[in-house]
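Single-structure report; data block below.
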Amino acid sequence: MAATQEEIVAGLAEIVNEIAGIPVEDVQLDKSFTDDLDVDSLSMVEVVVAAEERFDVKIPDDDVKNLKTVGDATDYIVKHQA
Amino acid sequence: MAKIKPSKGAPYARILGVGGYRPTRIVPNEVILETIDSSDEWIRSRSGIETRHWASPEETVAAMSIEASGKAIADAGIDASQIGAVVVSTVSHFSQTPAVATEIADRLGTDRAAAFDISAGCAGFGYGLTLAKGMVVEGSAEYVLVIGVERLSDLTDLEDRATAFLFGDGAGAVVVGPSKEPAIGPTVWGSEGDKSETIKQTVPWTDYRDGTVEKFPAITQEGQAVFRWAVFEMAKVAQQALDAAGITADDLDVFIPHQANVRIIDSMVKTLKLPEHVMVARDIRTTGNTSAASIPLAMERLLATGEAKSGDTALVIGFGAGLVYAATVVTLP
């Protein structure tokens, strides 16, 4: 069953927490991965791969660069999850 | 029909000796920052690199190879005249023909050893090792010298902030010879030419000659795509190499991945769930990414510092431009 927007944000928060050590409550829709959450371009790849597994979605390299904020990633997953 | 006599090789092959050569000039990040807008902290956090070695005009591909090979031959306890083949993996020898391997074979004092170059990027050491093992077991050479050597400073765009800090120069060599026990496992290798754009030379040499570009060709890469492929796809290949050798990560003493980037190495270790006791090579910090030379250089340093010892079981994996990869389990010399 497809995850809701709320479930996706919560899942991304757990992933970002594990990879970058950012508190889960800091991971909000309007937060930028690089500017607010200390997720650099390489850590972003790890976040994306973890999100792909968790939400059963494919996020190609070309699309990764468009995912600037948690909201961008959440929208992408909502639209593309199987 | 005439009956052809089969060749007779050794039952198995092993790495008998290793040697390395690092150019005299040590280049800190401060020098890189003269041509790119970045910072020491950024370079260290993205790559782990603190310093790298750049070759002088005298430290040619052949000269560095001969230094490294001399050490490997001495370490193996053989004479250069016993070497039956010399395999050189490089992408930065700028004289296309003849192969640099022939000059190296001659100057080392081999007895007209077979000699040739191969091009397999950062997987070149594993490709060479696999060929060497085949020759020793098949019987076309008793001892094979495998050299990984690069002068990547010649192929670096010092104004490209994504790669200017990444590459280094150096040579690493091993002698492969006969063994009574298996000491080089099955190689898991392959190519993914559909991803050739991920790491490549910017333009062909002829474009530079013809003046269609102003800049000398350099190596360029798509950082995120390389990172994803290297960490997640290569972790699968590494696991296949363990499976093919009939061992698990618990049986490993040492992990020597191609020294591409410390972040790739750290993430591979995490993805592979390597146990704490496994010594992981992180030679990249002071050597940079030396492509085909990185694995034998890292191997030599681990043995020299005592962080690894002769007889240890090591997983080696190379991966790079092609894309190509090669992984195998070896007993350290």
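Letters A, B, ... mark the chains of the structure tokens in the order given; residue numbers begin at 1 per chain; ligand numbers begin at 1, in order shown.
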- Which of stretch 148-319 of chain B DSSP labels strand (DSSP E or B), written as a ChimeraX atom specification: /B:148-151,167,169-179,184,188-191,199-201,219-221,254-257,279-280,289,313-319
Hey, could you make a per-residue contact list for chain B against chain A with 10 Å as the cut-off, showing the nearest pair of atoms and its distance in Å to one decimal, counting only C-alpha atoms, sorted by chain and number, as JSON lines?
```
{"residue": "B:Ser45", "atom": "CA", "partner": "A:Asp40", "partner_atom": "CA", "distance": 9.5}
{"residue": "B:Arg46", "atom": "CA", "partner": "A:Leu42", "partner_atom": "CA", "distance": 7.6}
{"residue": "B:Ser47", "atom": "CA", "partner": "A:Leu42", "partner_atom": "CA", "distance": 9.9}
{"residue": "B:Glu222", "atom": "CA", "partner": "A:Asp61", "partner_atom": "CA", "distance": 9.5}
{"residue": "B:Gly223", "atom": "CA", "partner": "A:Leu42", "partner_atom": "CA", "distance": 7.9}
{"residue": "B:Gln224", "atom": "CA", "partner": "A:Leu42", "partner_atom": "CA", "distance": 6.2}
{"residue": "B:Ala225", "atom": "CA", "partner": "A:Asp61", "partner_atom": "CA", "distance": 6.0}
{"residue": "B:Val226", "atom": "CA", "partner": "A:Asp61", "partner_atom": "CA", "distance": 9.7}
{"residue": "B:Phe227", "atom": "CA", "partner": "A:Leu42", "partner_atom": "CA", "distance": 6.8}
{"residue": "B:Arg228", "atom": "CA", "partner": "A:Val45", "partner_atom": "CA", "distance": 6.3}
{"residue": "B:Val231", "atom": "CA", "partner": "A:Glu46", "partner_atom": "CA", "distance": 9.0}
{"residue": "B:Phe232", "atom": "CA", "partner": "A:Val49", "partner_atom": "CA", "distance": 8.5}
{"residue": "B:Arg263", "atom": "CA", "partner": "A:Leu42", "partner_atom": "CA", "distance": 7.9}
{"residue": "B:Ile264", "atom": "CA", "partner": "A:Leu42", "partner_atom": "CA", "distance": 8.8}
{"residue": "B:Ser267", "atom": "CA", "partner": "A:Glu46", "partner_atom": "CA", "distance": 8.5}
```
- Please provide as a list in words all residues within 8 Å of A:Ala13, with the sequence filter that same-chain residues fewer than 5 positions apart are discarded (counting only C-alpha atoms). Pro23, Val24, Glu25, Asp26 and Val27 of chain A
Serialized selection, all heavy atoms, as a PDB file, in the first residue's frame:
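Result written to out.pdb:
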```pdb
ATOM      1  N   PRO A  23      18.494  15.366  14.274  1.00  0.00           N
ATOM      2  CA  PRO A  23      17.309  14.950  15.038  1.00  0.00           C
ATOM      3  C   PRO A  23      16.081  14.829  14.127  1.00  0.00           C
ATOM      4  O   PRO A  23      15.884  15.694  13.254  1.00  0.00           O
ATOM      5  CB  PRO A  23      17.108  16.086  16.060  1.00  0.00           C
ATOM      6  CG  PRO A  23      18.441  16.754  16.167  1.00  0.00           C
ATOM      7  CD  PRO A  23      19.109  16.583  14.826  1.00  0.00           C
ATOM      8  N   VAL A  24      15.281  13.792  14.336  1.00  0.00           N
ATOM      9  CA  VAL A  24      14.139  13.538  13.447  1.00  0.00           C
ATOM     10  C   VAL A  24      13.169  14.733  13.398  1.00  0.00           C
ATOM     11  O   VAL A  24      12.605  15.032  12.349  1.00  0.00           O
ATOM     12  CB  VAL A  24      13.361  12.248  13.819  1.00  0.00           C
ATOM     13  CG1 VAL A  24      14.140  11.017  13.453  1.00  0.00           C
ATOM     14  CG2 VAL A  24      12.994  12.228  15.288  1.00  0.00           C
ATOM     15  N   GLU A  25      13.027  15.435  14.530  1.00  0.00           N
ATOM     16  CA  GLU A  25      12.055  16.544  14.555  1.00  0.00           C
ATOM     17  C   GLU A  25      12.502  17.724  13.677  1.00  0.00           C
ATOM     18  O   GLU A  25      11.698  18.569  13.307  1.00  0.00           O
ATOM     19  CB  GLU A  25      11.779  17.018  15.992  1.00  0.00           C
ATOM     20  CG  GLU A  25      12.995  17.457  16.772  1.00  0.00           C
ATOM     21  CD  GLU A  25      13.680  16.324  17.542  1.00  0.00           C
ATOM     22  OE1 GLU A  25      13.520  15.143  17.138  1.00  0.00           O
ATOM     23  OE2 GLU A  25      14.390  16.627  18.511  1.00  0.00           O
ATOM     24  N   ASP A  26      13.792  17.773  13.315  1.00  0.00           N
ATOM     25  CA  ASP A  26      14.279  18.861  12.450  1.00  0.00           C
ATOM     26  C   ASP A  26      13.933  18.632  10.975  1.00  0.00           C
ATOM     27  O   ASP A  26      14.044  19.545  10.148  1.00  0.00           O
ATOM     28  CB  ASP A  26      15.812  19.002  12.552  1.00  0.00           C
ATOM     29  CG  ASP A  26      16.228  19.570  13.899  1.00  0.00           C
ATOM     30  OD1 ASP A  26      15.320  19.803  14.732  1.00  0.00           O
ATOM     31  OD2 ASP A  26      17.431  19.749  14.121  1.00  0.00           O
ATOM     32  N   VAL A  27      13.574  17.397  10.647  1.00  0.00           N
ATOM     33  CA  VAL A  27      13.326  17.076   9.236  1.00  0.00           C
ATOM     34  C   VAL A  27      11.875  17.440   8.891  1.00  0.00           C
ATOM     35  O   VAL A  27      10.946  16.687   9.157  1.00  0.00           O
ATOM     36  CB  VAL A  27      13.631  15.586   8.950  1.00  0.00           C
ATOM     37  CG1 VAL A  27      13.383  15.256   7.480  1.00  0.00           C
ATOM     38  CG2 VAL A  27      15.066  15.255   9.343  1.00  0.00           C
TER      39      VAL A  27
END
```
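One finds atom CA of B:Thr313 at 7.5 Å from atom CA of B:Asp251.
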- Message: Could you list, as a PyMOL selection string, every residue within 9 Å of stretch 83-96 of chain B, counting only C-alpha atoms and ignoring same-chain residues fewer than 6 positions away?
- Response: chain B and resi 60-62+65+102+104-105+110-125+127-129+131-132+135+140-152+154-155+173+175+291-293
- Spatial neighbours of stretch 199-210 of chain B, max dist 10 Å, only C-alpha atoms, sep filter under 4 positions, as an MDAnalysis selection string: chainID B and resid 121 155:157 195 214:223 225:226 320:323
Can you write just those residues out, all heavy atoms, as a short mmCIF file (atom, residue, chain, number, x, y, z; two decimals), in the first residue's frame?
```
data_model
loop_
_atom_site.label_atom_id
_atom_site.label_comp_id
_atom_site.auth_asym_id
_atom_site.auth_seq_id
_atom_site.Cartn_x
_atom_site.Cartn_y
_atom_site.Cartn_z
N GLY B 121 41.16 1.03 -16.54
CA GLY B 121 40.92 2.08 -15.55
C GLY B 121 41.28 1.65 -14.15
O GLY B 121 42.32 1.01 -13.91
N LEU B 155 46.42 14.18 -16.39
CA LEU B 155 45.05 14.09 -16.91
C LEU B 155 44.05 14.77 -15.98
O LEU B 155 42.88 14.42 -15.95
CB LEU B 155 44.65 12.62 -17.09
CG LEU B 155 45.07 11.93 -18.39
CD1 LEU B 155 44.73 10.44 -18.33
CD2 LEU B 155 44.38 12.57 -19.59
N THR B 156 44.56 15.71 -15.17
CA THR B 156 43.71 16.40 -14.21
C THR B 156 43.46 17.84 -14.67
O THR B 156 44.40 18.54 -15.03
CB THR B 156 44.39 16.42 -12.82
OG1 THR B 156 44.62 15.08 -12.40
CG2 THR B 156 43.51 17.12 -11.80
N ASP B 157 42.19 18.23 -14.65
CA ASP B 157 41.83 19.63 -14.93
C ASP B 157 41.89 20.37 -13.59
O ASP B 157 40.99 20.23 -12.76
CB ASP B 157 40.42 19.69 -15.53
CG ASP B 157 39.97 21.13 -15.79
OD1 ASP B 157 40.74 22.06 -15.44
OD2 ASP B 157 38.86 21.31 -16.32
N LYS B 195 27.20 2.69 -19.13
CA LYS B 195 27.46 3.78 -18.18
C LYS B 195 28.80 4.47 -18.48
O LYS B 195 29.44 5.04 -17.60
CB LYS B 195 27.46 3.24 -16.75
CG LYS B 195 26.14 2.61 -16.33
CD LYS B 195 26.16 2.23 -14.86
CE LYS B 195 24.86 1.60 -14.42
NZ LYS B 195 24.70 0.22 -14.93
N GLU B 214 40.24 23.92 -26.41
CA GLU B 214 41.46 24.61 -25.99
C GLU B 214 42.18 23.87 -24.88
O GLU B 214 43.38 23.95 -24.74
CB GLU B 214 41.13 26.04 -25.53
CG GLU B 214 40.90 26.98 -26.68
CD GLU B 214 40.59 28.38 -26.21
OE1 GLU B 214 40.78 28.68 -25.02
OE2 GLU B 214 40.13 29.18 -27.05
N LYS B 215 41.38 23.17 -24.07
CA LYS B 215 41.96 22.49 -22.90
C LYS B 215 42.43 21.09 -23.25
O LYS B 215 41.73 20.34 -23.94
CB LYS B 215 40.90 22.38 -21.79
CG LYS B 215 40.96 23.51 -20.80
CD LYS B 215 40.08 23.20 -19.61
CE LYS B 215 40.28 24.26 -18.53
NZ LYS B 215 39.42 24.02 -17.39
N PHE B 216 43.60 20.73 -22.72
CA PHE B 216 44.11 19.36 -22.85
C PHE B 216 43.09 18.42 -22.20
O PHE B 216 42.48 18.76 -21.19
CB PHE B 216 45.46 19.28 -22.14
CG PHE B 216 46.24 18.04 -22.42
CD1 PHE B 216 46.83 17.84 -23.66
CD2 PHE B 216 46.40 17.07 -21.44
CE1 PHE B 216 47.56 16.69 -23.92
CE2 PHE B 216 47.13 15.91 -21.70
CZ PHE B 216 47.71 15.72 -22.94
N PRO B 217 42.88 17.22 -22.77
CA PRO B 217 41.90 16.30 -22.19
C PRO B 217 42.19 15.98 -20.71
O PRO B 217 43.35 15.96 -20.30
CB PRO B 217 42.03 15.04 -23.05
CG PRO B 217 42.57 15.54 -24.35
CD PRO B 217 43.46 16.70 -24.01
N ALA B 218 41.14 15.74 -19.96
CA ALA B 218 41.27 15.40 -18.55
C ALA B 218 40.20 14.37 -18.20
O ALA B 218 39.29 14.13 -18.99
CB ALA B 218 41.08 16.66 -17.70
N ILE B 219 40.35 13.78 -17.02
CA ILE B 219 39.34 12.81 -16.58
C ILE B 219 38.23 13.57 -15.86
O ILE B 219 38.49 14.43 -15.02
CB ILE B 219 39.95 11.76 -15.63
CG1 ILE B 219 41.04 10.97 -16.36
CG2 ILE B 219 38.87 10.81 -15.12
CD1 ILE B 219 41.86 10.08 -15.45
N THR B 220 37.01 13.25 -16.23
CA THR B 220 35.86 13.90 -15.60
C THR B 220 34.90 12.81 -15.12
O THR B 220 34.92 11.69 -15.63
CB THR B 220 35.18 14.85 -16.60
OG1 THR B 220 34.05 15.44 -15.96
CG2 THR B 220 34.71 14.14 -17.84
N GLN B 221 34.09 13.12 -14.14
CA GLN B 221 33.14 12.13 -13.65
C GLN B 221 31.89 12.77 -13.10
O GLN B 221 31.90 13.93 -12.71
CB GLN B 221 33.79 11.23 -12.59
CG GLN B 221 34.19 11.96 -11.32
CD GLN B 221 34.71 11.03 -10.25
OE1 GLN B 221 35.07 9.89 -10.51
NE2 GLN B 221 34.75 11.51 -9.02
N GLU B 222 30.81 11.97 -13.06
CA GLU B 222 29.56 12.41 -12.45
C GLU B 222 29.56 11.87 -11.03
O GLU B 222 29.28 10.69 -10.80
CB GLU B 222 28.37 11.86 -13.25
CG GLU B 222 28.30 12.40 -14.67
CD GLU B 222 27.31 11.64 -15.54
OE1 GLU B 222 26.48 10.87 -15.01
OE2 GLU B 222 27.39 11.79 -16.77
N GLY B 223 29.90 12.73 -10.09
CA GLY B 223 30.17 12.30 -8.71
C GLY B 223 29.08 11.46 -8.07
O GLY B 223 29.36 10.40 -7.52
N ALA B 225 26.55 9.79 -9.44
CA ALA B 225 26.30 8.52 -10.13
C ALA B 225 27.41 7.51 -9.82
O ALA B 225 27.15 6.33 -9.59
CB ALA B 225 26.20 8.75 -11.63
N VAL B 226 28.65 8.01 -9.79
CA VAL B 226 29.77 7.14 -9.46
C VAL B 226 29.63 6.62 -8.03
O VAL B 226 29.82 5.44 -7.76
CB VAL B 226 31.12 7.89 -9.61
CG1 VAL B 226 32.27 7.03 -9.07
CG2 VAL B 226 31.38 8.24 -11.06
N GLY B 320 35.88 1.32 -11.94
CA GLY B 320 36.12 2.65 -12.50
C GLY B 320 35.66 2.79 -13.94
O GLY B 320 34.74 2.09 -14.39
N ALA B 321 36.33 3.70 -14.65
CA ALA B 321 35.91 4.09 -15.98
C ALA B 321 35.67 2.89 -16.88
O ALA B 321 36.46 1.96 -16.96
CB ALA B 321 36.95 5.02 -16.61
N GLY B 322 34.56 2.94 -17.58
CA GLY B 322 34.16 1.81 -18.46
C GLY B 322 32.67 1.77 -18.67
O GLY B 322 32.21 1.93 -19.76
N LEU B 323 31.93 1.55 -17.56
CA LEU B 323 32.45 1.21 -16.24
C LEU B 323 32.93 -0.24 -16.23
O LEU B 323 32.34 -1.09 -16.89
CB LEU B 323 31.37 1.39 -15.17
CG LEU B 323 30.87 2.85 -15.03
CD1 LEU B 323 29.67 2.92 -14.10
CD2 LEU B 323 31.96 3.78 -14.51
#
```
- Task: List the neighbours of A:Thr69 out to 8 Å using only C-alpha atoms; skip same-chain residues closer than 6 positions along the sequence, and give me the result as a VMD selection string.
- Result: chain A and resid 29 to 33
- Message: Which of stretch 22-63 of chain A end up as helix (DSSP H, G or I) when DSSP is run on this backbone - answer as a PyMOL selection string?
- Response: chain A and resi 24-26+33-37+41-55+61-63
I'd like the neighbourhood of B:Asp37 as a JSON list (two decimals) with all heavy atoms, in the first residue's frame, where a residue qualifies if any of its atoms comes within 9 Å (using only C-alpha atoms), though same-chain residues fewer than 3 positions away should be ignored.
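See result_23.json below for the written result:
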```json
[["chain", "number", "residue", "atom", "x", "y", "z"],
["B", 33, "LEU", "N", 44.04, 24.45, -3.89],
["B", 33, "LEU", "CA", 43.15, 25.60, -3.68],
["B", 33, "LEU", "C", 43.62, 26.85, -4.42],
["B", 33, "LEU", "O", 42.90, 27.85, -4.47],
["B", 33, "LEU", "CB", 43.02, 25.88, -2.18],
["B", 33, "LEU", "CG", 42.35, 24.74, -1.39],
["B", 33, "LEU", "CD1", 42.44, 24.97, 0.10],
["B", 33, "LEU", "CD2", 40.90, 24.58, -1.83],
["B", 34, "GLU", "N", 44.82, 26.78, -5.00],
["B", 34, "GLU", "CA", 45.30, 27.92, -5.80],
["B", 34, "GLU", "C", 44.52, 28.04, -7.11],
["B", 34, "GLU", "O", 44.47, 29.11, -7.71],
["B", 34, "GLU", "CB", 46.80, 27.75, -6.12],
["B", 34, "GLU", "CG", 47.69, 27.92, -4.88],
["B", 34, "GLU", "CD", 49.13, 27.49, -5.13],
["B", 34, "GLU", "OE1", 49.49, 27.23, -6.30],
["B", 34, "GLU", "OE2", 49.89, 27.42, -4.16],
["B", 159, "GLU", "N", 41.29, 23.21, -12.83],
["B", 159, "GLU", "CA", 40.25, 24.23, -12.63],
["B", 159, "GLU", "C", 38.87, 23.60, -12.40],
["B", 159, "GLU", "O", 37.89, 24.32, -12.22],
["B", 159, "GLU", "CB", 40.21, 25.17, -13.84],
["B", 159, "GLU", "CG", 41.45, 26.04, -13.92],
["B", 159, "GLU", "CD", 41.56, 26.82, -15.22],
["B", 159, "GLU", "OE1", 40.85, 26.46, -16.18],
["B", 159, "GLU", "OE2", 42.36, 27.76, -15.26],
["B", 161, "ARG", "N", 36.55, 21.97, -9.97],
["B", 161, "ARG", "CA", 36.52, 21.81, -8.51],
["B", 161, "ARG", "C", 36.02, 20.43, -8.06],
["B", 161, "ARG", "O", 36.20, 20.05, -6.90],
["B", 161, "ARG", "CB", 35.74, 22.95, -7.82],
["B", 161, "ARG", "CG", 34.26, 23.02, -8.07],
["B", 161, "ARG", "CD", 33.71, 24.33, -7.50],
["B", 161, "ARG", "NE", 33.92, 24.47, -6.06],
["B", 161, "ARG", "CZ", 33.12, 23.95, -5.12],
["B", 161, "ARG", "NH1", 32.08, 23.23, -5.46],
["B", 161, "ARG", "NH2", 33.36, 24.15, -3.84]]
```
- Message: Could you tell me how far atom CA of B:Leu315 sits from atom CA of B:Ala281, in Å to one decimal place?
- Response: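 That distance, rounded to one decimal, is 10.6 Å.
Using only C-alpha atoms, the nearest neighbour of A:Glu14 within the list A:Gly71, A:Ala50, A:Val39, A:Asp56 is A:Ala50.
Picture a line from atom CA of B:Ile247 to atom CA of B:Gly177; it runs 22.8 Å.
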